[in-house]
$ cat work32.csv   # CSV, C-alpha atoms
chain,number,residue,atom,x,y,z
A,1,MET,CA,-21.2,-21.0,-156.1
A,2,GLN,CA,-17.8,-19.4,-156.4
A,3,ARG,CA,-16.8,-22.5,-158.2
A,4,ALA,CA,-19.0,-21.3,-161.1
A,5,LEU,CA,-16.7,-18.3,-161.5
A,6,TRP,CA,-13.6,-20.5,-161.6
A,7,GLN,CA,-15.3,-22.6,-164.3
A,8,VAL,CA,-16.0,-19.5,-166.3
A,9,ASP,CA,-12.3,-18.5,-166.2
A,10,ALA,CA,-11.4,-22.1,-167.2
A,11,CYS,CA,-13.7,-22.1,-170.1
A,12,LEU,CA,-12.3,-18.7,-171.3
A,13,HIS,CA,-8.8,-20.2,-171.2
A,14,LEU,CA,-10.1,-23.1,-173.3
A,15,GLY,CA,-11.3,-20.7,-175.9
A,16,ALA,CA,-15.1,-21.1,-175.3
A,17,ASP,CA,-17.3,-18.7,-177.3
A,18,ILE,CA,-20.4,-19.5,-175.2
A,19,ILE,CA,-20.5,-20.7,-171.6
A,20,VAL,CA,-23.6,-22.4,-170.2
A,21,ASN,CA,-24.0,-22.8,-166.4
A,22,THR,CA,-26.4,-25.1,-164.7
A,23,ASP,CA,-26.9,-26.4,-161.2
A,24,ALA,CA,-25.7,-29.9,-160.1
A,25,ASP,CA,-29.1,-30.9,-158.6
A,26,ASN,CA,-30.7,-31.7,-162.0
A,27,GLN,CA,-33.2,-28.9,-161.4
A,28,TYR,CA,-33.1,-27.7,-165.0
A,29,CYS,CA,-34.0,-29.5,-168.2
A,30,GLY,CA,-30.7,-30.1,-170.1
A,31,ALA,CA,-32.6,-30.1,-173.4
A,32,ASP,CA,-33.3,-26.4,-173.0
A,33,ILE,CA,-29.7,-25.5,-173.5
A,34,GLU,CA,-30.6,-24.8,-177.1
A,35,LYS,CA,-33.1,-22.2,-175.9
A,36,ILE,CA,-30.7,-20.2,-173.8
A,37,VAL,CA,-27.8,-20.1,-176.3
A,38,ARG,CA,-30.0,-19.1,-179.3
A,39,PRO,CA,-30.2,-15.4,-178.4
A,40,ILE,CA,-26.4,-15.3,-178.1
A,41,LEU,CA,-26.0,-17.0,-181.5
A,42,GLU,CA,-28.5,-14.6,-183.0
A,43,GLU,CA,-26.5,-11.7,-181.4
A,44,LYS,CA,-29.5,-10.4,-179.5
A,45,ALA,CA,-27.9,-10.7,-176.0
A,46,ASP,CA,-24.7,-11.5,-174.3
A,47,ILE,CA,-26.3,-13.0,-171.2
A,48,VAL,CA,-29.4,-15.2,-171.2
A,49,ILE,CA,-31.1,-16.2,-168.0
A,50,GLY,CA,-33.5,-19.2,-167.9
A,51,GLU,CA,-36.9,-18.2,-166.5
A,52,ARG,CA,-38.4,-21.1,-164.5
A,53,PRO,CA,-42.1,-21.6,-164.2
A,54,ILE,CA,-42.0,-20.6,-160.5
A,55,ASP,CA,-45.8,-20.5,-160.0
A,56,GLN,CA,-46.3,-23.9,-161.7
A,57,THR,CA,-43.4,-25.6,-159.8
A,58,GLU,CA,-45.1,-28.1,-157.5
A,59,HIS,CA,-42.2,-28.6,-155.0
A,60,PHE,CA,-41.9,-24.8,-154.4
A,61,SER,CA,-44.0,-23.8,-151.4
A,62,TRP,CA,-46.3,-20.8,-151.6
A,63,LYS,CA,-43.9,-18.8,-149.4
A,64,LYS,CA,-40.9,-19.7,-151.5
A,65,LYS,CA,-42.7,-18.6,-154.7
A,66,LYS,CA,-43.5,-15.2,-153.2
A,67,PHE,CA,-40.0,-14.7,-152.0
A,68,GLN,CA,-38.6,-15.7,-155.4
A,69,HIS,CA,-40.8,-13.0,-157.0
A,70,LEU,CA,-39.9,-10.5,-154.4
A,71,GLY,CA,-36.2,-11.1,-154.7
A,72,SER,CA,-36.3,-10.9,-158.5
A,73,TRP,CA,-38.2,-7.6,-158.2
A,74,VAL,CA,-35.5,-6.2,-155.9
A,75,VAL,CA,-32.7,-7.2,-158.2
A,76,ARG,CA,-34.6,-5.6,-161.2
A,77,ILE,CA,-34.7,-2.3,-159.2
A,78,ALA,CA,-31.0,-2.6,-158.2
A,79,SER,CA,-29.8,-3.6,-161.7
A,80,ASN,CA,-32.2,-1.5,-163.8
A,81,THR,CA,-33.1,-4.7,-165.8
A,82,ASP,CA,-36.2,-6.7,-166.5
A,83,ILE,CA,-35.0,-10.2,-165.7
A,84,PRO,CA,-38.0,-12.0,-164.1
A,85,ASP,CA,-36.1,-14.9,-162.5
A,86,ALA,CA,-32.9,-13.5,-161.0
A,87,PRO,CA,-31.9,-16.5,-158.8
A,88,SER,CA,-32.0,-18.9,-161.7
A,89,GLY,CA,-28.7,-20.7,-162.1
A,90,PHE,CA,-29.4,-21.9,-165.7
A,91,ARG,CA,-27.8,-19.3,-167.8
A,92,ALA,CA,-25.5,-18.7,-170.8
A,93,TYR,CA,-22.8,-16.1,-171.3
A,94,SER,CA,-21.1,-15.0,-174.5
A,95,ARG,CA,-17.3,-14.7,-174.4
A,96,GLU,CA,-17.6,-10.9,-174.3
A,97,ALA,CA,-19.9,-11.0,-171.2
A,98,ALA,CA,-17.7,-13.5,-169.4
A,99,LEU,CA,-14.6,-11.4,-170.0
A,100,ARG,CA,-16.3,-8.4,-168.3
A,101,LEU,CA,-17.8,-10.2,-165.3
A,102,ASN,CA,-15.9,-10.1,-162.0
A,103,VAL,CA,-17.8,-11.7,-159.1
A,104,VAL,CA,-16.4,-11.0,-155.6
A,105,ASN,CA,-19.1,-12.6,-153.5
A,106,GLU,CA,-18.4,-16.1,-152.2
A,107,TYR,CA,-22.0,-17.1,-151.6
A,108,THR,CA,-24.0,-16.7,-154.8
A,109,TYR,CA,-23.0,-15.4,-158.2
A,110,THR,CA,-26.6,-15.3,-159.7
A,111,LEU,CA,-27.7,-12.0,-158.2
A,112,GLU,CA,-24.4,-10.2,-158.4
A,113,THR,CA,-23.8,-11.0,-162.1
A,114,ILE,CA,-27.1,-9.5,-163.0
A,115,ILE,CA,-26.5,-6.3,-161.0
A,116,GLN,CA,-23.0,-6.0,-162.5
A,117,ALA,CA,-24.2,-6.7,-166.0
A,118,GLY,CA,-27.0,-4.1,-165.7
A,119,HIS,CA,-24.5,-1.5,-164.4
A,120,ASN,CA,-22.0,-2.3,-167.2
A,121,LYS,CA,-24.8,-2.1,-169.9
A,122,ILE,CA,-24.3,-5.7,-171.0
A,123,ALA,CA,-27.3,-6.9,-173.1
A,124,MET,CA,-29.4,-9.4,-171.1
A,125,THR,CA,-32.5,-11.3,-171.8
A,126,SER,CA,-34.5,-14.3,-170.4
A,127,VAL,CA,-36.2,-17.3,-172.0
A,128,PRO,CA,-38.7,-19.6,-170.5
A,129,ILE,CA,-37.3,-23.0,-169.5
A,130,ARG,CA,-38.5,-26.3,-168.0
A,131,THR,CA,-37.6,-27.8,-164.7
A,132,ASN,CA,-37.3,-31.3,-163.4
A,133,PRO,CA,-38.9,-32.8,-160.3
A,134,GLU,CA,-37.0,-32.3,-157.1
A,135,THR,CA,-34.6,-35.2,-156.4
A,136,ARG,CA,-33.1,-33.9,-153.1
A,137,PRO,CA,-33.3,-30.9,-150.8
A,138,SER,CA,-31.2,-27.9,-151.7
A,139,ARG,CA,-27.7,-27.8,-150.3
A,140,LEU,CA,-27.3,-24.1,-150.9
A,141,PHE,CA,-29.3,-23.0,-147.9
A,142,SER,CA,-30.8,-24.7,-144.9
A,143,SER,CA,-33.9,-22.5,-144.7
A,144,MET,CA,-35.7,-19.8,-146.7
A,145,TRP,CA,-35.0,-17.2,-144.1
A,146,ARG,CA,-31.2,-17.9,-144.2
A,147,TYR,CA,-31.3,-17.7,-148.0
A,148,MET,CA,-33.2,-14.3,-147.8
A,149,LYS,CA,-30.7,-13.0,-145.3
A,150,ARG,CA,-27.7,-13.9,-147.4
A,151,SER,CA,-29.3,-12.8,-150.7
A,152,SER,CA,-30.3,-9.4,-149.2
A,153,THR,CA,-26.7,-8.9,-148.1
A,154,VAL,CA,-25.4,-9.7,-151.6
A,155,ILE,CA,-27.9,-7.2,-153.2
A,156,THR,CA,-27.1,-4.5,-150.7
A,157,ARG,CA,-23.3,-5.0,-151.1
A,158,SER,CA,-23.6,-5.0,-154.9
A,159,PHE,CA,-25.8,-1.8,-154.8
A,160,VAL,CA,-23.2,-0.1,-152.6
A,161,MET,CA,-20.4,-1.1,-154.9
A,162,TYR,CA,-22.0,0.0,-158.2
A,163,LYS,CA,-24.2,2.9,-157.0
A,164,PRO,CA,-22.7,4.3,-153.9
A,165,LEU,CA,-23.7,7.9,-154.4
A,166,LYS,CA,-27.3,7.0,-154.9
A,167,PHE,CA,-27.3,4.6,-151.9
A,168,PHE,CA,-25.6,6.8,-149.4
A,169,GLY,CA,-27.0,10.0,-150.9
A,170,THR,CA,-30.5,8.7,-150.3
A,171,ILE,CA,-29.8,7.8,-146.7
A,172,GLY,CA,-28.0,11.1,-146.1
A,173,ALA,CA,-30.9,13.0,-147.6
A,174,ILE,CA,-33.4,11.3,-145.3
A,175,LEU,CA,-31.3,12.0,-142.2
A,176,PHE,CA,-30.8,15.6,-143.3
A,177,ILE,CA,-34.5,16.2,-143.9
A,178,LEU,CA,-35.5,14.6,-140.6
A,179,GLY,CA,-33.0,16.9,-138.8
A,180,LEU,CA,-34.3,19.9,-140.7
A,181,LEU,CA,-37.9,19.1,-139.8
A,182,LEU,CA,-37.0,18.8,-136.1
A,183,GLY,CA,-35.1,22.1,-136.4
A,184,ILE,CA,-38.2,23.8,-137.8
A,185,ARG,CA,-40.3,22.2,-135.0
A,186,PHE,CA,-37.9,23.7,-132.4
A,187,LEU,CA,-38.1,27.1,-134.0
A,188,VAL,CA,-41.9,27.0,-133.9
A,189,TYR,CA,-41.8,26.3,-130.2
A,190,MET,CA,-39.1,28.9,-129.6
A,191,PHE,CA,-41.2,31.6,-131.3
A,192,MET,CA,-44.1,30.5,-129.2
A,193,GLY,CA,-42.0,31.1,-126.1
A,194,ASP,CA,-41.6,27.5,-125.2
A,195,GLY,CA,-38.1,26.8,-126.7
A,196,SER,CA,-36.4,26.0,-123.4
A,197,GLY,CA,-38.5,22.9,-123.0
A,198,HIS,CA,-37.4,21.4,-126.3
A,199,ILE,CA,-33.6,21.6,-126.1
A,200,GLN,CA,-33.5,17.8,-126.8
A,201,SER,CA,-35.0,18.4,-130.2
A,202,LEU,CA,-32.3,21.0,-131.0
A,203,ILE,CA,-29.5,18.5,-130.0
A,204,LEU,CA,-31.1,15.7,-132.1
A,205,THR,CA,-31.4,18.2,-135.0
A,206,ALA,CA,-27.7,18.9,-135.0
A,207,ILE,CA,-26.9,15.2,-134.7
A,208,LEU,CA,-29.2,14.2,-137.6
A,209,ILE,CA,-27.9,17.0,-139.9
A,210,MET,CA,-24.3,16.1,-139.2
A,211,MET,CA,-25.0,12.4,-139.8
A,212,GLY,CA,-26.8,13.3,-143.1
A,213,PHE,CA,-23.8,15.4,-144.2
A,214,GLN,CA,-21.3,12.7,-143.3
A,215,THR,CA,-23.3,9.9,-145.0
A,216,PHE,CA,-23.5,12.0,-148.2
A,217,SER,CA,-19.8,12.5,-147.9
A,218,ILE,CA,-19.3,8.8,-147.7
A,219,GLY,CA,-21.4,8.5,-150.9
A,220,LEU,CA,-19.1,11.0,-152.7
A,221,LEU,CA,-16.0,9.0,-151.6
A,222,GLY,CA,-17.6,5.7,-152.7
A,223,ASP,CA,-18.5,7.2,-156.0
A,224,THR,CA,-14.8,8.2,-156.5
A,225,ILE,CA,-13.7,4.7,-155.6
A,226,SER,CA,-16.4,3.3,-158.0
A,227,ALA,CA,-14.9,5.3,-160.8
A,228,ASN,CA,-11.5,3.9,-160.1
A,229,ARG,CA,-12.9,0.4,-160.0
A,230,LYS,CA,-14.4,1.0,-163.5
A,231,ILE,CA,-10.9,1.8,-164.8
A,232,LEU,CA,-9.5,-1.4,-163.1
A,233,GLU,CA,-12.3,-3.5,-164.6
A,234,ASP,CA,-11.5,-2.1,-168.0
A,235,VAL,CA,-7.9,-2.9,-167.6
A,236,GLN,CA,-8.8,-6.4,-166.4
A,237,TYR,CA,-11.1,-6.9,-169.4
A,238,ARG,CA,-8.4,-5.9,-171.9
A,239,VAL,CA,-5.8,-8.2,-170.2
A,240,ARG,CA,-8.3,-11.1,-170.3
A,241,LYS,CA,-9.2,-10.4,-173.9
A,242,ALA,CA,-5.6,-10.2,-175.0
A,243,ASP,CA,-4.8,-13.4,-173.2
A,244,CYS,CA,-7.7,-15.2,-174.9
A,245,GLU,CA,-6.8,-13.9,-178.3
A,246,LYS,CA,-3.2,-15.0,-177.8
A,247,LYS,CA,-4.3,-18.5,-176.9
A,248,ASP,CA,-6.6,-18.5,-180.0
A,249,GLU,CA,-3.7,-17.5,-182.3
A,250,SER,CA,-1.4,-20.1,-180.8
A,251,GLY,CA,-4.1,-22.8,-181.0
A,252,GLU,CA,-3.5,-23.9,-177.3
$ encode --input "work32.csv" --output "structure tokens"
Amino acid sequence: MQRALWQVDACLHLGADIIVNTDADNQYCGADIEKIVRPILEEKADIVIGERPIDQTEHFSWKKKKFQHLGSWVVRIASNTDIPDAPSGFRAYSREAALRLNVVNEYTYTLETIIQAGHNKIAMTSVPIRTNPETRPSRLFSSMWRYMKRSSTVITRSFVMYKPLKFFGTIGAILFILGLLLGIRFLVYMFMGDGSGHIQSLILTAILIMMGFQTFSIGLLGDTISANRKILEDVQYRVRKADCEKKDESGE
């Protein structure tokens, strides 16, 4: 999957205006390339994702169909987008979108690019596409559970990278509230004259409140790092764009 990112960089150096990516297993119908590039040509979007007919795909098991829908829903929440088929590898990028993307995960780019594009406010849309019959088992993952485990790691990592304050702030708030509730419970018992028998609750209260405060502090630190990363991404975008413009002018 990381090879797809190298291909994107190579296409940019070759002066491509639109980059189309598809999988090597002949899963997608090549004739639908016209469908996924049309929104870019019409300047309606910078990234177009091919939406597979998941429920009508015969070689997809019932379990796989449900997991595909669940995974796409999680990505929509994480990226604040409305892409219905996030794992789809049949997609098109405008030059502007390709210049801004910076995939760091080595397992799959499909989920991370959507989360990153949603965070960077890159216009995305999806179009229905056709699929071909299965010719061989997938080489990307050996089992559905393995794929879910790796994908959940990618989603969590991307969410932490792009929304650290929300991620750690939510966890910290939960820990702090749990500690506060236990503290109130201890005070109730203490005022009832039975506080000496619930010292463990007081210790757990202190631990949870400290953990909540520390987790929230990690979120603040992550948010600062995220702000610096935005600056670096903007610098990288300008360098890439200047390099492409230089190649266009020189005709290389």
$ atom_distance --input "work32.csv" --atom1 "atom CA of A:Arg157" --atom2 "atom CA of A:Gln116"
11.4 Å
$ closest_residue --input "work32.csv" --among "A:Gly15, A:Pro39, A:Pro87, A:Pro53" --to "A:Met148" --atoms "all atoms listed in the file"
A:Pro87
$ closest_residue --input "work32.csv" --among "A:Arg95, A:Leu175, A:Thr205, A:His69" --to "A:Leu187" --atoms "only C-alpha atoms"
A:Thr205
$ closest_residue --input "work32.csv" --among "A:Arg52, A:Lys149, A:Lys230, A:Lys246" --to "A:Thr131" --atoms "only C-alpha atoms"
A:Arg52
$ closest_residue --input "work32.csv" --among "A:Leu99, A:Ile218, A:Ala123, A:Val75" --to "A:Ala45" --atoms "only C-alpha atoms"
A:Ala123
$ closest_residue --input "work32.csv" --among "A:Met161, A:Cys29, A:Met192, A:Leu182" --to "A:Asn228" --atoms "only C-alpha atoms"
A:Met161
$ atom_distance --input "work32.csv" --atom1 "atom CA of A:Ile114" --atom2 "atom CA of A:Ala86"
7.3 Å
$ atom_distance --input "work32.csv" --atom1 "atom CA of A:Thr153" --atom2 "atom CA of A:Lys166"
17.3 Å
$ closest_residue --input "work32.csv" --among "A:Glu51, A:Glu58, A:Asp234, A:Asp223" --to "A:Thr125" --atoms "only C-alpha atoms"
A:Glu51
$ residues_around --input "work32.csv" --residues "A:Ser201" --least-positions-apart "5" --cutoff "12 Å" --atoms "all atoms listed in the file" --output "JSON, numbers by chain"
{"A": [178, 179, 180, 181, 182, 183, 184, 185, 186, 187, 188, 189, 190, 195, 196, 206, 207, 208]}
$ residues_near_point --input "work32.csv" --point "(-26.8, 9.6, -146.8)" --cutoff "7 Å" --atoms "only C-alpha atoms" --output "list in words"
Phe168, Gly169, Thr170, Ile171, Gly172, Ala173, Ile174, Leu175, Gly212, Thr215, Phe216 and Gly219 of chain A
$ residues_around --input "work32.csv" --residues "A:Val48" --least-positions-apart "5" --cutoff "6 Å" --atoms "only C-alpha atoms" --output "list in words"
Ile36, Arg91, Ala92, Met124, Thr125 and Ser126 of chain A
$ residues_near_point --input "work32.csv" --point "(-18.1, -17.2, -169.1)" --cutoff "6 Å" --atoms "all atoms listed in the file" --output "MDAnalysis selection string"
chainID A and resid 8 19 93 95 98
$ build_atoms --input "work32.csv" --residues "stretch 111-122 of chain A" --atoms "all heavy atoms" --output "PDB file, keeping the file's coordinate frame"
ATOM      1  N   LEU A 111     -27.163 -13.348-158.388  1.00  0.00           N
ATOM      2  CA  LEU A 111     -27.700 -12.000-158.200  1.00  0.00           C
ATOM      3  C   LEU A 111     -26.654 -10.941-158.594  1.00  0.00           C
ATOM      4  O   LEU A 111     -26.966  -9.957-159.269  1.00  0.00           O
ATOM      5  CB  LEU A 111     -28.161 -11.785-156.779  1.00  0.00           C
ATOM      6  CG  LEU A 111     -29.135 -12.835-156.224  1.00  0.00           C
ATOM      7  CD1 LEU A 111     -29.514 -12.504-154.789  1.00  0.00           C
ATOM      8  CD2 LEU A 111     -30.378 -12.928-157.097  1.00  0.00           C
ATOM      9  N   GLU A 112     -25.415 -11.166-158.158  1.00  0.00           N
ATOM     10  CA  GLU A 112     -24.400 -10.200-158.400  1.00  0.00           C
ATOM     11  C   GLU A 112     -24.063  -9.993-159.878  1.00  0.00           C
ATOM     12  O   GLU A 112     -23.818  -8.872-160.333  1.00  0.00           O
ATOM     13  CB  GLU A 112     -23.104 -10.545-157.639  1.00  0.00           C
ATOM     14  CG  GLU A 112     -22.019  -9.480-157.722  1.00  0.00           C
ATOM     15  CD  GLU A 112     -20.787  -9.831-156.912  1.00  0.00           C
ATOM     16  OE1 GLU A 112     -20.827 -10.837-156.186  1.00  0.00           O
ATOM     17  OE2 GLU A 112     -19.794  -9.100-157.019  1.00  0.00           O
ATOM     18  N   THR A 113     -24.069 -11.091-160.637  1.00  0.00           N
ATOM     19  CA  THR A 113     -23.800 -11.000-162.100  1.00  0.00           C
ATOM     20  C   THR A 113     -24.827 -10.149-162.791  1.00  0.00           C
ATOM     21  O   THR A 113     -24.502  -9.386-163.710  1.00  0.00           O
ATOM     22  CB  THR A 113     -23.660 -12.355-162.717  1.00  0.00           C
ATOM     23  OG1 THR A 113     -24.805 -13.143-162.360  1.00  0.00           O
ATOM     24  CG2 THR A 113     -22.410 -13.073-162.285  1.00  0.00           C
ATOM     25  N   ILE A 114     -26.088 -10.275-162.383  1.00  0.00           N
ATOM     26  CA  ILE A 114     -27.100  -9.500-163.000  1.00  0.00           C
ATOM     27  C   ILE A 114     -26.989  -8.014-162.696  1.00  0.00           C
ATOM     28  O   ILE A 114     -27.101  -7.152-163.577  1.00  0.00           O
ATOM     29  CB  ILE A 114     -28.535 -10.000-162.579  1.00  0.00           C
ATOM     30  CG1 ILE A 114     -28.785 -11.403-163.135  1.00  0.00           C
ATOM     31  CG2 ILE A 114     -29.635  -9.053-163.055  1.00  0.00           C
ATOM     32  CD1 ILE A 114     -30.100 -12.013-162.696  1.00  0.00           C
ATOM     33  N   ILE A 115     -26.716  -7.702-161.430  1.00  0.00           N
ATOM     34  CA  ILE A 115     -26.500  -6.300-161.000  1.00  0.00           C
ATOM     35  C   ILE A 115     -25.312  -5.716-161.741  1.00  0.00           C
ATOM     36  O   ILE A 115     -25.343  -4.587-162.242  1.00  0.00           O
ATOM     37  CB  ILE A 115     -26.382  -6.198-159.507  1.00  0.00           C
ATOM     38  CG1 ILE A 115     -27.688  -6.634-158.821  1.00  0.00           C
ATOM     39  CG2 ILE A 115     -26.016  -4.770-159.096  1.00  0.00           C
ATOM     40  CD1 ILE A 115     -27.601  -6.693-157.311  1.00  0.00           C
ATOM     41  N   GLN A 116     -24.230  -6.485-161.799  1.00  0.00           N
ATOM     42  CA  GLN A 116     -23.000  -6.000-162.500  1.00  0.00           C
ATOM     43  C   GLN A 116     -23.239  -5.824-163.960  1.00  0.00           C
ATOM     44  O   GLN A 116     -22.801  -4.828-164.538  1.00  0.00           O
ATOM     45  CB  GLN A 116     -21.859  -6.987-162.221  1.00  0.00           C
ATOM     46  CG  GLN A 116     -20.536  -6.488-162.776  1.00  0.00           C
ATOM     47  CD  GLN A 116     -19.393  -7.426-162.457  1.00  0.00           C
ATOM     48  OE1 GLN A 116     -18.373  -7.418-163.128  1.00  0.00           O
ATOM     49  NE2 GLN A 116     -19.527  -8.254-161.432  1.00  0.00           N
ATOM     50  N   ALA A 117     -23.925  -6.781-164.582  1.00  0.00           N
ATOM     51  CA  ALA A 117     -24.200  -6.700-166.000  1.00  0.00           C
ATOM     52  C   ALA A 117     -25.087  -5.490-166.329  1.00  0.00           C
ATOM     53  O   ALA A 117     -24.881  -4.786-167.324  1.00  0.00           O
ATOM     54  CB  ALA A 117     -24.836  -7.971-166.517  1.00  0.00           C
ATOM     55  N   GLY A 118     -26.095  -5.259-165.472  1.00  0.00           N
ATOM     56  CA  GLY A 118     -27.000  -4.100-165.700  1.00  0.00           C
ATOM     57  C   GLY A 118     -26.191  -2.794-165.540  1.00  0.00           C
ATOM     58  O   GLY A 118     -26.402  -1.850-166.312  1.00  0.00           O
ATOM     59  N   HIS A 119     -25.277  -2.749-164.576  1.00  0.00           N
ATOM     60  CA  HIS A 119     -24.500  -1.500-164.400  1.00  0.00           C
ATOM     61  C   HIS A 119     -23.529  -1.300-165.544  1.00  0.00           C
ATOM     62  O   HIS A 119     -23.283  -0.155-165.933  1.00  0.00           O
ATOM     63  CB  HIS A 119     -23.681  -1.677-163.077  1.00  0.00           C
ATOM     64  CG  HIS A 119     -22.784  -0.522-162.779  1.00  0.00           C
ATOM     65  ND1 HIS A 119     -23.259   0.697-162.329  1.00  0.00           N
ATOM     66  CD2 HIS A 119     -21.440  -0.374-162.878  1.00  0.00           C
ATOM     67  CE1 HIS A 119     -22.254   1.529-162.167  1.00  0.00           C
ATOM     68  NE2 HIS A 119     -21.137   0.901-162.485  1.00  0.00           N
ATOM     69  N   ASN A 120     -22.995  -2.384-166.115  1.00  0.00           N
ATOM     70  CA  ASN A 120     -22.000  -2.300-167.200  1.00  0.00           C
ATOM     71  C   ASN A 120     -22.715  -2.266-168.599  1.00  0.00           C
ATOM     72  O   ASN A 120     -22.034  -2.336-169.621  1.00  0.00           O
ATOM     73  CB  ASN A 120     -21.038  -3.418-167.161  1.00  0.00           C
ATOM     74  CG  ASN A 120     -20.104  -3.294-165.977  1.00  0.00           C
ATOM     75  OD1 ASN A 120     -19.812  -2.198-165.508  1.00  0.00           O
ATOM     76  ND2 ASN A 120     -19.625  -4.428-165.477  1.00  0.00           N
ATOM     77  N   LYS A 121     -24.046  -2.208-168.622  1.00  0.00           N
ATOM     78  CA  LYS A 121     -24.800  -2.100-169.900  1.00  0.00           C
ATOM     79  C   LYS A 121     -24.584  -3.342-170.780  1.00  0.00           C
ATOM     80  O   LYS A 121     -24.536  -3.228-172.006  1.00  0.00           O
ATOM     81  CB  LYS A 121     -24.468  -0.848-170.644  1.00  0.00           C
ATOM     82  CG  LYS A 121     -24.557   0.436-169.836  1.00  0.00           C
ATOM     83  CD  LYS A 121     -25.956   0.685-169.304  1.00  0.00           C
ATOM     84  CE  LYS A 121     -26.026   2.007-168.532  1.00  0.00           C
ATOM     85  NZ  LYS A 121     -27.368   2.237-167.934  1.00  0.00           N
ATOM     86  N   ILE A 122     -24.432  -4.515-170.175  1.00  0.00           N
ATOM     87  CA  ILE A 122     -24.300  -5.700-171.000  1.00  0.00           C
ATOM     88  C   ILE A 122     -25.699  -6.225-171.315  1.00  0.00           C
ATOM     89  O   ILE A 122     -26.573  -6.326-170.449  1.00  0.00           O
ATOM     90  CB  ILE A 122     -23.561  -6.834-170.155  1.00  0.00           C
ATOM     91  CG1 ILE A 122     -22.143  -6.356-169.797  1.00  0.00           C
ATOM     92  CG2 ILE A 122     -23.492  -8.140-170.937  1.00  0.00           C
ATOM     93  CD1 ILE A 122     -21.375  -7.320-168.915  1.00  0.00           C
TER      94      ILE A 122
END
